[in-house]
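Text of work.txt (compact mmCIF, N, CA and C atoms) as supplied:
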# COMPACT_ATOMS: atom_id res chain seq x y z
N MET A 140 0.84 -1.18 0.00
CA MET A 140 0.00 0.00 0.00
C MET A 140 0.89 1.24 0.00
N LYS A 141 0.63 2.14 -0.90
CA LYS A 141 1.41 3.37 -1.01
C LYS A 141 0.87 4.40 -0.03
N ARG A 142 1.77 4.98 0.72
CA ARG A 142 1.40 6.00 1.70
C ARG A 142 1.39 7.37 1.03
N SER A 143 0.33 8.11 1.22
CA SER A 143 0.26 9.45 0.63
C SER A 143 0.94 10.46 1.55
N LEU A 144 1.55 11.45 0.95
CA LEU A 144 2.22 12.49 1.71
C LEU A 144 1.21 13.51 2.20
N PRO A 145 1.48 14.12 3.36
CA PRO A 145 0.56 15.15 3.84
C PRO A 145 0.61 16.39 2.95
N GLU A 146 -0.51 17.06 2.88
CA GLU A 146 -0.60 18.30 2.12
C GLU A 146 0.20 19.42 2.78
N LEU A 147 0.28 19.37 4.11
CA LEU A 147 0.93 20.43 4.87
C LEU A 147 1.71 19.82 6.03
N SER A 148 2.94 20.29 6.23
CA SER A 148 3.76 19.88 7.38
C SER A 148 4.04 21.11 8.22
N VAL A 149 3.85 20.98 9.51
CA VAL A 149 4.10 22.08 10.43
C VAL A 149 5.10 21.61 11.48
N ILE A 150 6.18 22.36 11.62
CA ILE A 150 7.19 22.05 12.61
C ILE A 150 6.93 22.92 13.84
N VAL A 151 6.85 22.26 15.00
CA VAL A 151 6.55 22.96 16.24
C VAL A 151 7.72 22.76 17.21
N PRO A 152 8.57 23.76 17.36
CA PRO A 152 9.65 23.64 18.35
C PRO A 152 9.09 23.87 19.75
N VAL A 153 9.51 23.06 20.70
CA VAL A 153 9.03 23.22 22.08
C VAL A 153 10.21 23.20 23.04
N TYR A 154 10.06 23.94 24.12
CA TYR A 154 11.06 23.98 25.18
C TYR A 154 10.35 24.27 26.50
N ASN A 155 10.38 23.30 27.39
CA ASN A 155 9.73 23.42 28.69
C ASN A 155 8.26 23.82 28.56
N GLU A 156 7.52 23.03 27.82
CA GLU A 156 6.11 23.32 27.54
C GLU A 156 5.16 22.27 28.12
N ALA A 157 5.61 21.51 29.10
CA ALA A 157 4.79 20.41 29.63
C ALA A 157 3.39 20.86 30.04
N ALA A 158 3.30 22.01 30.65
CA ALA A 158 2.01 22.48 31.15
C ALA A 158 1.05 22.88 30.03
N HIS A 159 1.57 23.14 28.83
CA HIS A 159 0.75 23.71 27.77
C HIS A 159 0.70 22.88 26.49
N ILE A 160 1.57 21.90 26.34
CA ILE A 160 1.76 21.26 25.04
C ILE A 160 0.50 20.56 24.53
N ALA A 161 -0.21 19.85 25.37
CA ALA A 161 -1.40 19.12 24.90
C ALA A 161 -2.44 20.09 24.33
N ARG A 162 -2.73 21.14 25.06
CA ARG A 162 -3.72 22.12 24.60
C ARG A 162 -3.24 22.84 23.33
N SER A 163 -1.97 23.20 23.32
CA SER A 163 -1.43 23.91 22.15
C SER A 163 -1.51 23.05 20.89
N LEU A 164 -1.12 21.79 20.99
CA LEU A 164 -1.17 20.92 19.82
C LEU A 164 -2.60 20.66 19.37
N ARG A 165 -3.53 20.59 20.32
CA ARG A 165 -4.94 20.41 19.97
C ARG A 165 -5.45 21.63 19.19
N ILE A 166 -5.09 22.82 19.62
CA ILE A 166 -5.51 24.05 18.93
C ILE A 166 -4.89 24.10 17.53
N ILE A 167 -3.61 23.79 17.44
CA ILE A 167 -2.94 23.78 16.14
C ILE A 167 -3.60 22.76 15.20
N ALA A 168 -3.85 21.56 15.70
CA ALA A 168 -4.47 20.52 14.87
C ALA A 168 -5.87 20.92 14.42
N ASP A 169 -6.65 21.48 15.32
CA ASP A 169 -8.01 21.92 14.95
C ASP A 169 -7.97 23.00 13.88
N THR A 170 -7.03 23.90 13.99
CA THR A 170 -6.88 24.96 12.99
C THR A 170 -6.48 24.37 11.64
N LEU A 171 -5.51 23.45 11.66
CA LEU A 171 -5.05 22.84 10.41
C LEU A 171 -6.16 22.02 9.74
N LYS A 172 -7.00 21.38 10.53
CA LYS A 172 -8.12 20.62 9.96
C LYS A 172 -9.03 21.51 9.13
N SER A 173 -9.11 22.77 9.49
CA SER A 173 -10.00 23.68 8.77
C SER A 173 -9.37 24.24 7.49
N ILE A 174 -8.06 24.05 7.31
CA ILE A 174 -7.42 24.64 6.13
C ILE A 174 -6.69 23.64 5.23
N ALA A 175 -6.52 22.40 5.69
CA ALA A 175 -5.77 21.43 4.89
C ALA A 175 -6.46 20.07 4.91
N ALA A 176 -6.44 19.40 3.77
CA ALA A 176 -7.05 18.08 3.67
C ALA A 176 -6.28 17.05 4.49
N SER A 177 -4.97 17.19 4.52
CA SER A 177 -4.13 16.31 5.33
C SER A 177 -2.92 17.10 5.82
N PHE A 178 -2.44 16.75 7.01
CA PHE A 178 -1.32 17.47 7.58
C PHE A 178 -0.56 16.58 8.54
N GLU A 179 0.62 17.03 8.88
CA GLU A 179 1.40 16.37 9.93
C GLU A 179 2.00 17.45 10.82
N LEU A 180 2.12 17.12 12.10
CA LEU A 180 2.79 17.99 13.05
C LEU A 180 4.11 17.33 13.41
N ILE A 181 5.18 18.04 13.24
CA ILE A 181 6.49 17.55 13.61
C ILE A 181 6.92 18.36 14.81
N VAL A 182 6.97 17.71 15.97
CA VAL A 182 7.29 18.41 17.21
C VAL A 182 8.75 18.13 17.55
N VAL A 183 9.50 19.20 17.77
CA VAL A 183 10.92 19.09 18.10
C VAL A 183 11.12 19.60 19.52
N ASP A 184 11.47 18.69 20.42
CA ASP A 184 11.75 19.08 21.80
C ASP A 184 13.20 19.55 21.87
N ASP A 185 13.37 20.81 22.16
CA ASP A 185 14.68 21.44 22.12
C ASP A 185 15.40 21.37 23.47
N GLY A 186 15.44 20.17 24.05
CA GLY A 186 16.18 19.97 25.30
C GLY A 186 15.43 20.39 26.55
N SER A 187 14.14 20.22 26.55
CA SER A 187 13.34 20.60 27.71
C SER A 187 13.84 19.92 28.98
N ARG A 188 13.70 20.65 30.09
CA ARG A 188 14.11 20.11 31.38
C ARG A 188 12.91 19.77 32.25
N ASP A 189 11.72 19.96 31.71
CA ASP A 189 10.52 19.57 32.44
C ASP A 189 9.99 18.27 31.84
N ARG A 190 8.72 18.02 31.91
CA ARG A 190 8.13 16.76 31.44
C ARG A 190 7.53 16.88 30.02
N THR A 191 8.04 17.80 29.23
CA THR A 191 7.52 18.00 27.88
C THR A 191 7.55 16.71 27.08
N TRP A 192 8.67 16.02 27.06
CA TRP A 192 8.79 14.79 26.28
C TRP A 192 7.75 13.76 26.72
N GLU A 193 7.56 13.61 28.00
CA GLU A 193 6.56 12.66 28.52
C GLU A 193 5.16 13.06 28.09
N GLN A 194 4.88 14.34 28.04
CA GLN A 194 3.56 14.81 27.62
C GLN A 194 3.33 14.53 26.13
N LEU A 195 4.39 14.60 25.35
CA LEU A 195 4.26 14.31 23.92
C LEU A 195 3.90 12.86 23.72
Target format structure tokens, applied to this file:
Amino acid sequence: MKRSLPELSVIVPVYNEAAHIARSLRIIADTLKSIAASFELIVVDDGSRDRTWEQL
């Protein structure tokens, strides 16, 4: 089965965002759903010292 590529890719850099990351990604995804048929979120944890990675 051939995998189709997303119409839109969004890179989201994060740093110490554990308290906010779930809500932020939900808002971003909801917004993208309204403007793109398919999309991907690429989240880059830039060395967070809190629980950001665990939240992802």
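Using only C-alpha atoms, the smallest distance between any of A:Arg142, A:Arg190, A:Val153, A:Ser148 and Phe178 (chain A) comes from A:Ser148.
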Between atom C of Ile167 (chain A) and atom C of Leu144 (chain A) lies a distance of 16.7 Å
Got a sec to check which residues sit within 7 Å of (0.7, 22.2, 8.7), counting all atoms listed in the file, and write them as a list in words?
Glu146, Leu147, Ser148, Val149, Ile150, Leu171, Ser177, Phe178, Glu179 and Leu180 of chain A
Quote the spacing between CA of Val151 (chain A) and atom C of Ala176 (chain A) in Å to one decimal place.
18.4 Å
Calculate how many Å separate atom C of Asp184 (chain A) from atom N of Arg162 (chain A), rounding to one decimal.
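So the answer is 16.3 Å.
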Based on DSSP run over this structure's backbone, return all residues of chain A in strand (DSSP E), as a list in words.
Leu147, Ser148, Val149, Ile150, Val151, Pro152, Val153, Phe178, Glu179, Leu180, Ile181, Val182, Val183 and Asp184 of chain A
Would you mind listing what lies within 7 Å of Asp185 (chain A) as a VMD selection string, with all atoms listed in the file counted and same-chain residues fewer than 6 positions away left out?
chain A and resid 152 to 155
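Minimum atom-to-atom distance to Asp189 (chain A), evaluated using only C-alpha atoms, belongs to A:His159 out of A:Arg165, A:His159, A:Pro145, A:Ile174.
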Draw an axis-aligned box tight on the listed atoms of region 171-189 of chain A, then pad every side by 6 Å and write out centre and edge lengths in Å to one decimal as JSON.
{"center_x": 3.1, "center_y": 20.5, "center_z": 18.1, "size_x": 38.2, "size_y": 20.3, "size_z": 40.8}
Would you list, as a list in words, the residues of chain A that end up in alpha helix (DSSP H) under DSSP run on this structure's backbone?
Ile160, Ala161, Arg162, Ser163, Leu164, Arg165, Ile166, Ile167, Ala168, Asp169, Thr170, Leu171, Lys172, Ser173, Ile174, Thr191, Trp192, Glu193 and Gln194 of chain A
